[in-house]
>>> print(open('target31.cif').read())   # mmCIF, C-alpha atoms; chains and numbers go by the auth columns
data_query
#
loop_
_atom_site.group_PDB
_atom_site.id
_atom_site.type_symbol
_atom_site.label_atom_id
_atom_site.label_comp_id
_atom_site.label_asym_id
_atom_site.label_seq_id
_atom_site.Cartn_x
_atom_site.Cartn_y
_atom_site.Cartn_z
_atom_site.B_iso_or_equiv
_atom_site.auth_seq_id
_atom_site.auth_asym_id
ATOM 1 C CA ARG A 1 -17.869 12.193 -12.491 0.00 1 L
ATOM 2 C CA ASP A 2 -19.790 9.959 -10.101 0.00 2 L
ATOM 3 C CA THR A 3 -18.126 6.746 -8.969 0.00 3 L
ATOM 4 C CA GLN A 4 -20.147 3.633 -8.307 0.00 4 L
ATOM 5 C CA LEU A 5 -19.047 1.567 -5.325 0.00 5 L
ATOM 6 C CA LEU A 6 -20.108 -1.967 -4.441 0.00 6 L
ATOM 7 C CA LEU A 7 -19.715 -2.313 -0.673 0.00 7 L
ATOM 8 C CA MET A 8 -19.323 -5.665 1.054 0.00 8 L
ATOM 9 C CA ASP A 9 -19.490 -5.844 4.841 0.00 9 L
ATOM 10 C CA THR A 10 -17.668 -8.835 6.288 0.00 10 L
ATOM 11 C CA ALA A 11 -18.178 -10.399 9.685 0.00 11 L
ATOM 12 C CA GLY A 12 -14.730 -9.201 10.666 0.00 12 L
ATOM 13 C CA LEU A 13 -11.700 -11.082 11.897 0.00 13 L
ATOM 14 C CA ARG A 14 -11.580 -11.741 15.617 0.00 14 L
ATOM 15 C CA ARG A 15 -8.500 -12.483 17.638 0.00 15 L
ATOM 16 C CA ARG A 16 -7.639 -16.145 17.376 0.00 16 L
ATOM 17 C CA THR A 17 -8.101 -16.682 21.120 0.00 17 L
ATOM 18 C CA LYS A 18 -11.729 -15.510 20.784 0.00 18 L
ATOM 19 C CA VAL A 19 -12.669 -17.702 17.812 0.00 19 L
ATOM 20 C CA ASN A 20 -14.509 -20.407 19.704 0.00 20 L
ATOM 21 C CA ASP A 21 -16.993 -21.915 17.279 0.00 21 L
ATOM 22 C CA GLN A 22 -17.198 -23.057 13.656 0.00 22 L
ATOM 23 C CA LEU A 23 -19.439 -20.162 12.599 0.00 23 L
ATOM 24 C CA GLU A 24 -16.815 -17.615 13.642 0.00 24 L
ATOM 25 C CA PHE A 25 -14.063 -19.668 12.010 0.00 25 L
ATOM 26 C CA TYR A 26 -15.800 -19.794 8.631 0.00 26 L
ATOM 27 C CA SER A 27 -16.824 -16.145 8.899 0.00 27 L
ATOM 28 C CA GLY A 28 -13.148 -15.340 9.305 0.00 28 L
ATOM 29 C CA ARG A 29 -12.239 -17.436 6.280 0.00 29 L
ATOM 30 C CA ARG A 30 -14.872 -15.588 4.241 0.00 30 L
ATOM 31 C CA ALA A 31 -13.413 -12.249 5.331 0.00 31 L
ATOM 32 C CA VAL A 32 -9.946 -13.357 4.185 0.00 32 L
ATOM 33 C CA SER A 33 -11.396 -14.388 0.818 0.00 33 L
ATOM 34 C CA SER A 34 -13.074 -10.988 0.511 0.00 34 L
ATOM 35 C CA ILE A 35 -9.733 -9.279 1.101 0.00 35 L
ATOM 36 C CA GLU A 36 -8.117 -11.290 -1.674 0.00 36 L
ATOM 37 C CA HIS A 37 -10.813 -10.320 -4.204 0.00 37 L
ATOM 38 C CA ALA A 38 -11.471 -6.706 -3.218 0.00 38 L
ATOM 39 C CA ASP A 39 -10.294 -3.649 -5.133 0.00 39 L
ATOM 40 C CA VAL A 40 -10.242 -1.616 -1.904 0.00 40 L
ATOM 41 C CA VAL A 41 -10.336 -2.783 1.709 0.00 41 L
ATOM 42 C CA VAL A 42 -11.421 -0.485 4.549 0.00 42 L
ATOM 43 C CA VAL A 43 -9.817 -1.570 7.816 0.00 43 L
ATOM 44 C CA LEU A 44 -11.745 -0.292 10.829 0.00 44 L
ATOM 45 C CA ILE A 45 -9.735 0.726 13.870 0.00 45 L
ATOM 46 C CA ASP A 46 -11.438 1.356 17.201 0.00 46 L
ATOM 47 C CA ALA A 47 -10.475 4.896 18.267 0.00 47 L
ATOM 48 C CA VAL A 48 -10.743 4.007 21.945 0.00 48 L
ATOM 49 C CA GLU A 49 -8.838 0.731 21.783 0.00 49 L
ATOM 50 C CA GLY A 50 -6.356 1.857 19.142 0.00 50 L
ATOM 51 C CA CYS A 51 -4.604 -0.333 16.597 0.00 51 L
ATOM 52 C CA VAL A 52 -3.720 -3.738 18.018 0.00 52 L
ATOM 53 C CA MET A 53 -1.686 -6.577 16.559 0.00 53 L
ATOM 54 C CA GLN A 54 -4.777 -8.193 15.006 0.00 54 L
ATOM 55 C CA GLU A 55 -5.488 -5.107 12.889 0.00 55 L
ATOM 56 C CA ALA A 56 -1.825 -4.864 11.905 0.00 56 L
ATOM 57 C CA ARG A 57 -1.890 -8.456 10.643 0.00 57 L
ATOM 58 C CA ILE A 58 -5.031 -7.726 8.635 0.00 58 L
ATOM 59 C CA MET A 59 -3.361 -4.691 7.050 0.00 59 L
ATOM 60 C CA GLU A 60 -0.361 -6.785 6.078 0.00 60 L
ATOM 61 C CA GLN A 61 -2.735 -9.329 4.505 0.00 61 L
ATOM 62 C CA VAL A 62 -4.418 -6.582 2.489 0.00 62 L
ATOM 63 C CA ILE A 63 -1.105 -5.284 1.139 0.00 63 L
ATOM 64 C CA GLU A 64 0.119 -8.797 0.366 0.00 64 L
ATOM 65 C CA ALA A 65 -3.122 -9.477 -1.542 0.00 65 L
ATOM 66 C CA GLY A 66 -2.514 -6.377 -3.673 0.00 66 L
ATOM 67 C CA SER A 67 -5.700 -4.578 -2.657 0.00 67 L
ATOM 68 C CA ALA A 68 -5.834 -0.846 -2.077 0.00 68 L
ATOM 69 C CA MET A 69 -6.505 0.135 1.518 0.00 69 L
ATOM 70 C CA VAL A 70 -8.075 2.896 3.608 0.00 70 L
ATOM 71 C CA LEU A 71 -7.717 3.000 7.399 0.00 71 L
ATOM 72 C CA ALA A 72 -10.916 4.223 9.047 0.00 72 L
ATOM 73 C CA VAL A 73 -10.663 5.150 12.719 0.00 73 L
ATOM 74 C CA ASN A 74 -14.172 4.591 14.056 0.00 74 L
ATOM 75 C CA LYS A 75 -15.821 6.003 17.230 0.00 75 L
ATOM 76 C CA TRP A 76 -13.898 9.236 16.762 0.00 76 L
ATOM 77 C CA ASP A 77 -16.832 11.073 18.348 0.00 77 L
ATOM 78 C CA LEU A 78 -15.816 9.504 21.679 0.00 78 L
ATOM 79 C CA GLU A 79 -12.069 9.943 21.363 0.00 79 L
ATOM 80 C CA ASP A 80 -12.216 13.452 19.917 0.00 80 L
ATOM 81 C CA ALA A 81 -14.370 14.532 22.850 0.00 81 L
ATOM 82 C CA ARG A 82 -11.452 13.656 25.115 0.00 82 L
ATOM 83 C CA GLY A 83 -9.198 16.070 23.288 0.00 83 L
ATOM 84 C CA GLU A 84 -7.090 13.511 21.420 0.00 84 L
ATOM 85 C CA GLY A 85 -5.899 15.013 18.136 0.00 85 L
ATOM 86 C CA ALA A 86 -6.255 13.259 14.802 0.00 86 L
ATOM 87 C CA ASP A 87 -2.748 14.237 13.735 0.00 87 L
ATOM 88 C CA GLU A 88 -1.232 12.733 16.885 0.00 88 L
ATOM 89 C CA PHE A 89 -3.219 9.520 16.421 0.00 89 L
ATOM 90 C CA ARG A 90 -2.154 9.251 12.769 0.00 90 L
ATOM 91 C CA ASP A 91 1.490 9.976 13.528 0.00 91 L
ATOM 92 C CA ASP A 92 1.560 7.411 16.325 0.00 92 L
ATOM 93 C CA LEU A 93 -0.045 4.794 14.082 0.00 93 L
ATOM 94 C CA ARG A 94 2.525 5.307 11.327 0.00 94 L
ATOM 95 C CA HIS A 95 5.370 5.392 13.832 0.00 95 L
ATOM 96 C CA ARG A 96 4.354 2.018 15.237 0.00 96 L
ATOM 97 C CA TYR A 97 3.658 0.531 11.795 0.00 97 L
ATOM 98 C CA PRO A 98 5.880 2.288 9.215 0.00 98 L
ATOM 99 C CA PHE A 99 4.432 0.244 6.330 0.00 99 L
ATOM 100 C CA LEU A 100 1.203 2.279 6.727 0.00 100 L
ATOM 101 C CA ARG A 101 2.803 5.601 5.766 0.00 101 L
ATOM 102 C CA ASP A 102 1.478 5.332 2.189 0.00 102 L
ATOM 103 C CA TYR A 103 -2.143 4.643 3.151 0.00 103 L
ATOM 104 C CA PRO A 104 -4.771 7.266 4.048 0.00 104 L
ATOM 105 C CA VAL A 105 -6.206 7.460 7.563 0.00 105 L
ATOM 106 C CA VAL A 106 -9.691 8.943 7.991 0.00 106 L
ATOM 107 C CA PHE A 107 -11.516 9.567 11.249 0.00 107 L
ATOM 108 C CA ILE A 108 -15.200 8.682 11.296 0.00 108 L
ATOM 109 C CA SER A 109 -18.141 8.002 13.561 0.00 109 L
ATOM 110 C CA GLY A 110 -20.446 5.165 12.606 0.00 110 L
ATOM 111 C CA LEU A 111 -22.904 6.421 15.208 0.00 111 L
ATOM 112 C CA THR A 112 -23.243 10.001 13.946 0.00 112 L
ATOM 113 C CA GLY A 113 -22.087 9.568 10.348 0.00 113 L
ATOM 114 C CA ARG A 114 -19.314 12.109 10.852 0.00 114 L
ATOM 115 C CA HIS A 115 -16.788 12.197 7.989 0.00 115 L
ATOM 116 C CA VAL A 116 -18.186 9.051 6.358 0.00 116 L
ATOM 117 C CA ASN A 117 -18.208 10.959 3.057 0.00 117 L
ATOM 118 C CA ARG A 118 -14.470 11.514 3.450 0.00 118 L
ATOM 119 C CA CYS A 119 -14.031 7.782 3.804 0.00 119 L
ATOM 120 C CA LEU A 120 -15.955 7.179 0.574 0.00 120 L
ATOM 121 C CA GLU A 121 -13.859 9.809 -1.202 0.00 121 L
ATOM 122 C CA ALA A 122 -10.692 8.088 -0.018 0.00 122 L
ATOM 123 C CA ILE A 123 -12.004 4.730 -1.249 0.00 123 L
ATOM 124 C CA ALA A 124 -12.645 6.138 -4.718 0.00 124 L
ATOM 125 C CA ARG A 125 -9.234 7.833 -4.775 0.00 125 L
ATOM 126 C CA VAL A 126 -7.123 4.828 -3.816 0.00 126 L
ATOM 127 C CA GLY A 127 -9.179 2.556 -6.073 0.00 127 L
ATOM 128 C CA LYS A 128 -8.274 4.836 -8.979 0.00 128 L
ATOM 129 C CA ASN A 129 -4.611 4.852 -7.928 0.00 129 L
ATOM 130 C CA ARG A 130 -4.600 1.047 -7.965 0.00 130 L
ATOM 131 C CA GLN A 131 -5.568 1.181 -11.654 0.00 131 L
ATOM 132 C CA GLN A 132 -3.089 3.885 -12.632 0.00 132 L
ATOM 133 C CA ARG A 133 -0.768 3.200 -15.550 0.00 133 L
ATOM 134 C CA VAL A 134 2.420 5.214 -16.093 0.00 134 L
ATOM 135 C CA SER A 135 3.827 5.707 -19.577 0.00 135 L
ATOM 136 C CA THR A 136 7.191 4.117 -20.314 0.00 136 L
ATOM 137 C CA ALA A 137 8.659 7.511 -21.185 0.00 137 L
ATOM 138 C CA GLN A 138 7.607 9.055 -17.851 0.00 138 L
ATOM 139 C CA LEU A 139 8.803 6.041 -15.910 0.00 139 L
ATOM 140 C CA ASN A 140 12.250 6.018 -17.474 0.00 140 L
ATOM 141 C CA ARG A 141 12.638 9.762 -17.042 0.00 141 L
ATOM 142 C CA VAL A 142 12.157 9.307 -13.293 0.00 142 L
ATOM 143 C CA LEU A 143 14.532 6.332 -13.352 0.00 143 L
ATOM 144 C CA ARG A 144 17.274 8.378 -15.051 0.00 144 L
ATOM 145 C CA GLU A 145 16.806 11.343 -12.712 0.00 145 L
ATOM 146 C CA THR A 146 16.890 9.111 -9.661 0.00 146 L
ATOM 147 C CA CYS A 147 20.049 7.326 -10.767 0.00 147 L
ATOM 148 C CA ALA A 148 21.745 10.635 -11.576 0.00 148 L
ATOM 149 C CA GLU A 149 20.961 12.047 -8.128 0.00 149 L
ATOM 150 C CA ASN A 150 21.424 8.891 -6.081 0.00 150 L
ATOM 151 C CA PRO A 151 22.923 5.933 -7.994 0.00 151 L
ATOM 152 C CA PRO A 152 22.744 2.475 -6.428 0.00 152 L
ATOM 153 C CA THR A 153 25.932 0.933 -5.070 0.00 153 L
ATOM 154 C CA GLY A 154 26.716 -2.516 -3.795 0.00 154 L
ATOM 155 C CA ASN A 155 29.837 -4.519 -3.040 0.00 155 L
ATOM 156 C CA GLY A 156 32.001 -1.765 -4.487 0.00 156 L
ATOM 157 C CA ARG A 157 30.805 -2.460 -8.034 0.00 157 L
ATOM 158 C CA GLU A 158 28.962 -0.126 -10.377 0.00 158 L
ATOM 159 C CA ILE A 159 25.292 -0.966 -10.606 0.00 159 L
ATOM 160 C CA ARG A 160 23.346 0.382 -13.545 0.00 160 L
ATOM 161 C CA LEU A 161 19.569 0.644 -13.785 0.00 161 L
ATOM 162 C CA LEU A 162 18.982 0.292 -17.492 0.00 162 L
ATOM 163 C CA TYR A 163 15.283 0.388 -18.200 0.00 163 L
ATOM 164 C CA ALA A 164 11.888 0.217 -16.521 0.00 164 L
ATOM 165 C CA THR A 165 8.414 -0.693 -17.649 0.00 165 L
ATOM 166 C CA GLN A 166 4.988 -1.135 -16.099 0.00 166 L
ATOM 167 C CA HIS A 167 3.374 -4.341 -17.215 0.00 167 L
ATOM 168 C CA THR A 168 0.161 -4.532 -15.213 0.00 168 L
ATOM 169 C CA ILE A 169 -2.203 -2.758 -12.817 0.00 169 L
ATOM 170 C CA LYS A 170 -4.357 -3.817 -9.848 0.00 170 L
ATOM 171 C CA PRO A 171 -1.877 -3.347 -8.225 0.00 171 L
ATOM 172 C CA PRO A 172 0.604 -1.339 -10.326 0.00 172 L
ATOM 173 C CA THR A 173 3.508 -3.647 -11.107 0.00 173 L
ATOM 174 C CA PHE A 174 6.844 -2.584 -12.568 0.00 174 L
ATOM 175 C CA THR A 175 9.945 -4.312 -13.842 0.00 175 L
ATOM 176 C CA ILE A 176 13.309 -2.574 -13.531 0.00 176 L
ATOM 177 C CA PHE A 177 16.189 -4.061 -15.499 0.00 177 L
ATOM 178 C CA SER A 178 19.720 -3.842 -14.174 0.00 178 L
ATOM 179 C CA ASN A 179 23.149 -5.230 -14.976 0.00 179 L
ATOM 180 C CA MET A 180 23.351 -6.563 -11.384 0.00 180 L
ATOM 181 C CA PRO A 181 19.864 -6.732 -9.813 0.00 181 L
ATOM 182 C CA GLU A 182 21.028 -9.228 -7.198 0.00 182 L
ATOM 183 C CA SER A 183 23.449 -6.627 -5.783 0.00 183 L
ATOM 184 C CA ILE A 184 20.904 -3.837 -5.272 0.00 184 L
ATOM 185 C CA PRO A 185 20.467 -3.271 -1.510 0.00 185 L
ATOM 186 C CA ASN A 186 16.982 -3.505 -0.041 0.00 186 L
ATOM 187 C CA PRO A 187 17.103 0.107 1.265 0.00 187 L
ATOM 188 C CA TYR A 188 17.648 1.298 -2.301 0.00 188 L
ATOM 189 C CA LYS A 189 14.707 -0.771 -3.499 0.00 189 L
ATOM 190 C CA ARG A 190 12.515 0.923 -0.899 0.00 190 L
ATOM 191 C CA PHE A 191 13.971 4.264 -1.957 0.00 191 L
ATOM 192 C CA MET A 192 12.968 3.592 -5.569 0.00 192 L
ATOM 193 C CA GLU A 193 9.432 2.676 -4.512 0.00 193 L
ATOM 194 C CA ASN A 194 9.218 5.948 -2.602 0.00 194 L
ATOM 195 C CA ARG A 195 10.348 7.881 -5.669 0.00 195 L
ATOM 196 C CA LEU A 196 7.644 6.270 -7.798 0.00 196 L
ATOM 197 C CA ARG A 197 5.037 7.155 -5.193 0.00 197 L
ATOM 198 C CA GLU A 198 6.377 10.685 -4.946 0.00 198 L
ATOM 199 C CA HIS A 199 6.222 11.295 -8.692 0.00 199 L
ATOM 200 C CA PHE A 200 3.038 9.440 -9.623 0.00 200 L
ATOM 201 C CA GLY A 201 0.858 9.578 -6.508 0.00 201 L
ATOM 202 C CA PHE A 202 0.219 5.948 -5.650 0.00 202 L
ATOM 203 C CA GLU A 203 -1.407 6.734 -2.323 0.00 203 L
ATOM 204 C CA GLY A 204 -3.301 3.825 -0.823 0.00 204 L
ATOM 205 C CA THR A 205 -2.215 1.085 -3.213 0.00 205 L
ATOM 206 C CA PRO A 206 0.540 -1.509 -2.944 0.00 206 L
ATOM 207 C CA LEU A 207 3.274 -1.390 -5.567 0.00 207 L
ATOM 208 C CA ARG A 208 5.078 -4.393 -6.967 0.00 208 L
ATOM 209 C CA ILE A 209 8.602 -3.882 -8.319 0.00 209 L
ATOM 210 C CA LEU A 210 10.396 -6.775 -9.992 0.00 210 L
ATOM 211 C CA TRP A 211 14.163 -6.523 -10.465 0.00 211 L
ATOM 212 C CA ARG A 212 15.505 -8.368 -13.496 0.00 212 L
ATOM 213 C CA LYS A 213 18.889 -8.820 -15.110 0.00 213 L
ATOM 214 C CA ARG A 214 19.567 -7.575 -18.620 0.00 214 L
ATOM 215 C CA SER A 215 22.787 -6.693 -20.408 0.00 215 L
ATOM 216 C CA GLU A 216 23.400 -3.139 -21.578 0.00 216 L
ATOM 217 C CA ASN A 217 23.928 -4.331 -25.123 0.00 217 L
ATOM 218 C CA LYS A 218 20.393 -5.701 -25.357 0.00 218 L
ATOM 219 C CA ILE A 219 19.014 -2.415 -24.126 0.00 219 L
ATOM 220 C CA THR A 220 20.926 -0.290 -26.609 0.00 220 L
ATOM 221 C CA ARG A 221 19.798 -2.433 -29.532 0.00 221 L
ATOM 222 C CA GLY A 222 16.153 -2.117 -28.459 0.00 222 L
#
>>> encode(input="target31.cif", output="structure tokens")
Amino acid sequence: RDTQLLLMDTAGLRRRTKVNDQLEFYSGRRAVSSIEHADVVVVLIDAVEGCVMQEARIMEQVIEAGSAMVLAVNKWDLEDARGEGADEFRDDLRHRYPFLRDYPVVFISGLTGRHVNRCLEAIARVGKNRQQRVSTAQLNRVLRETCAENPPTGNGREIRLLYATQHTIKPPTFTIFSNMPESIPNPYKRFMENRLREHFGFEGTPLRILWRKRSENKITRG
């Protein structure tokens, strides 16, 4: 089925040291506002220059805003001609910025139009993922399997993950109830996010996971 896309081209965000007039300042503010309201943000990376700190900050803003994201490496016609491989570029990017591992990277040429269709396909895909809703039964099956294989531990006490539910989309947001949510280590929280992505395919969209306290007795009565 065809997907309709409404594209908005911003003026971009320049490095702060290069913002030297009010027009550029307000153009930057407008770009930030667009990020906060967009379903999907395409961050352009110059293939010749590579990803610099400015682009990394923009990507962090996109994820914090809850928008889906596609990384488009532009001018690939120039870089590819030099023999630089796409896989190497992608691996280096994700090595330098590990938080990008869940977001697609496409290689395009604005000059020739090369692979622009792939970029549009990625936009449609991650936009759909951002609206995905998982049934409570599926979610709790994954929760039980994960706890059985790799239960959380903290401070020598038994931590139980009791129940999980998804309560909103755009981005997908989950609540996981535990007897001791404050004791769950951050690495385990990241592990649980990875399991949700692995099982339900949330490529390109941020996930929100809220950890809440609830007694086991309340769960069993429910």
>>> atom_distance(input="target31.cif", atom1="CA of Ala122 in chain L", atom2="CA of Pro104 in chain L")
7.2 Å
>>> closest_residue(input="target31.cif", among="L:Gly85, L:Pro172, L:Gly127, L:Gly113", to="Leu210 in chain L", atoms="all atoms listed in the file")
L:Pro172
>>> closest_residue(input="target31.cif", among="L:Gln4, L:Thr175, L:Ser109, L:Asn140", to="Arg208 in chain L", atoms="all atoms listed in the file")
L:Thr175
>>> resolve_selection(input="target31.cif", expression="the PyMOL selection byres ((chain L and resi 65) around 12)", output="MDAnalysis selection string")
chainID L and resid 32:41 58:64 66:69 170:171 205:208
>>> axis_aligned_box(input="target31.cif", around="range 31-41 of chain L", padding_each_side="3 Å", output="JSON")
{"center_x": -10.8, "center_y": -8.0, "center_z": 0.1, "size_x": 11.3, "size_y": 18.8, "size_z": 16.5}
>>> closest_residue(input="target31.cif", among="L:Val52, L:Leu44, L:Ala86, L:Arg157", to="Asn74 in chain L", atoms="only C-alpha atoms")
L:Leu44
>>> resolve_selection(input="target31.cif", expression="the PyMOL selection byres ((chain L and resi 144-151) around 10)", output="NGL selection string")
:L and (139-143 or 152-153 or 158-164 or 188 or 191-192 or 195-196)
>>> atom_distance(input="target31.cif", atom1="CA of Asp92 in chain L", atom2="CA of Phe200 in chain L")
26.1 Å
>>> atom_distance(input="target31.cif", atom1="CA of Arg94 in chain L", atom2="CA of Asp46 in chain L")
15.7 Å
>>> residues_around(input="target31.cif", residues="range 114-121 of chain L", least_positions_apart="2", cutoff="12 Å", atoms="all atoms listed in the file", output="ChimeraX atom specification")
/L:2-7,40-44,69-78,80,104-112,123-128
>>> closest_residue(input="target31.cif", among="L:His167, L:Arg57, L:Arg130, L:Arg212", to="Tyr97 in chain L", atoms="all atoms listed in the file")
L:Arg57
>>> resolve_selection(input="target31.cif", expression="the PyMOL selection byres ((chain L and resi 181) around 6)", output="PDB file with C-alpha atoms, in the frame of the given file")
ATOM      1  CA  SER L 178      19.720  -3.842 -14.174  1.00  0.00           C
ATOM      2  CA  MET L 180      23.351  -6.563 -11.384  1.00  0.00           C
ATOM      3  CA  GLU L 182      21.028  -9.228  -7.198  1.00  0.00           C
ATOM      4  CA  SER L 183      23.449  -6.627  -5.783  1.00  0.00           C
ATOM      5  CA  ILE L 184      20.904  -3.837  -5.272  1.00  0.00           C
ATOM      6  CA  TRP L 211      14.163  -6.523 -10.465  1.00  0.00           C
ATOM      7  CA  ARG L 212      15.505  -8.368 -13.496  1.00  0.00           C
ATOM      8  CA  LYS L 213      18.889  -8.820 -15.110  1.00  0.00           C
TER       9      LYS L 213
END
>>> decode(input="target31.cif", residues="range 116-129 of chain L", atoms="N, CA and C atoms", output="PDB file, in the first residue's frame")
ATOM      1  N   VAL L 116      18.012   7.386  -3.346  1.00  0.00           N
ATOM      2  CA  VAL L 116      17.045   8.231  -2.644  1.00  0.00           C
ATOM      3  C   VAL L 116      15.778   7.437  -2.335  1.00  0.00           C
ATOM      4  N   ASN L 117      15.390   6.535  -3.233  1.00  0.00           N
ATOM      5  CA  ASN L 117      14.218   5.693  -2.970  1.00  0.00           C
ATOM      6  C   ASN L 117      14.411   4.840  -1.715  1.00  0.00           C
ATOM      7  N   ARG L 118      15.635   4.367  -1.506  1.00  0.00           N
ATOM      8  CA  ARG L 118      15.911   3.590  -0.297  1.00  0.00           C
ATOM      9  C   ARG L 118      15.720   4.434   0.953  1.00  0.00           C
ATOM     10  N   CYS L 119      16.080   5.689   0.850  1.00  0.00           N
ATOM     11  CA  CYS L 119      15.882   6.600   1.981  1.00  0.00           C
ATOM     12  C   CYS L 119      14.396   6.764   2.276  1.00  0.00           C
ATOM     13  N   LEU L 120      13.584   6.933   1.236  1.00  0.00           N
ATOM     14  CA  LEU L 120      12.144   7.070   1.427  1.00  0.00           C
ATOM     15  C   LEU L 120      11.542   5.794   2.008  1.00  0.00           C
ATOM     16  N   GLU L 121      12.034   4.644   1.557  1.00  0.00           N
ATOM     17  CA  GLU L 121      11.546   3.377   2.117  1.00  0.00           C
ATOM     18  C   GLU L 121      11.885   3.269   3.598  1.00  0.00           C
ATOM     19  N   ALA L 122      13.084   3.707   3.958  1.00  0.00           N
ATOM     20  CA  ALA L 122      13.477   3.670   5.370  1.00  0.00           C
ATOM     21  C   ALA L 122      12.624   4.618   6.199  1.00  0.00           C
ATOM     22  N   ILE L 123      12.296   5.774   5.655  1.00  0.00           N
ATOM     23  CA  ILE L 123      11.435   6.730   6.359  1.00  0.00           C
ATOM     24  C   ILE L 123      10.079   6.108   6.652  1.00  0.00           C
ATOM     25  N   ALA L 124       9.485   5.483   5.639  1.00  0.00           N
ATOM     26  CA  ALA L 124       8.176   4.852   5.830  1.00  0.00           C
ATOM     27  C   ALA L 124       8.258   3.727   6.855  1.00  0.00           C
ATOM     28  N   ARG L 125       9.347   2.971   6.823  1.00  0.00           N
ATOM     29  CA  ARG L 125       9.495   1.820   7.723  1.00  0.00           C
ATOM     30  C   ARG L 125       9.623   2.252   9.185  1.00  0.00           C
ATOM     31  N   VAL L 126      10.499   3.210   9.451  1.00  0.00           N
ATOM     32  CA  VAL L 126      10.688   3.613  10.848  1.00  0.00           C
ATOM     33  C   VAL L 126       9.491   4.405  11.361  1.00  0.00           C
ATOM     34  N   GLY L 127       8.816   5.131  10.451  1.00  0.00           N
ATOM     35  CA  GLY L 127       7.587   5.820  10.869  1.00  0.00           C
ATOM     36  C   GLY L 127       6.525   4.838  11.319  1.00  0.00           C
ATOM     37  N   LYS L 128       6.427   3.703  10.622  1.00  0.00           N
ATOM     38  CA  LYS L 128       5.490   2.651  11.016  1.00  0.00           C
ATOM     39  C   LYS L 128       5.907   2.027  12.341  1.00  0.00           C
ATOM     40  N   ASN L 129       7.213   1.800  12.512  1.00  0.00           N
ATOM     41  CA  ASN L 129       7.698   1.223  13.774  1.00  0.00           C
ATOM     42  C   ASN L 129       7.380   2.126  14.962  1.00  0.00           C
TER      43      ASN L 129
END
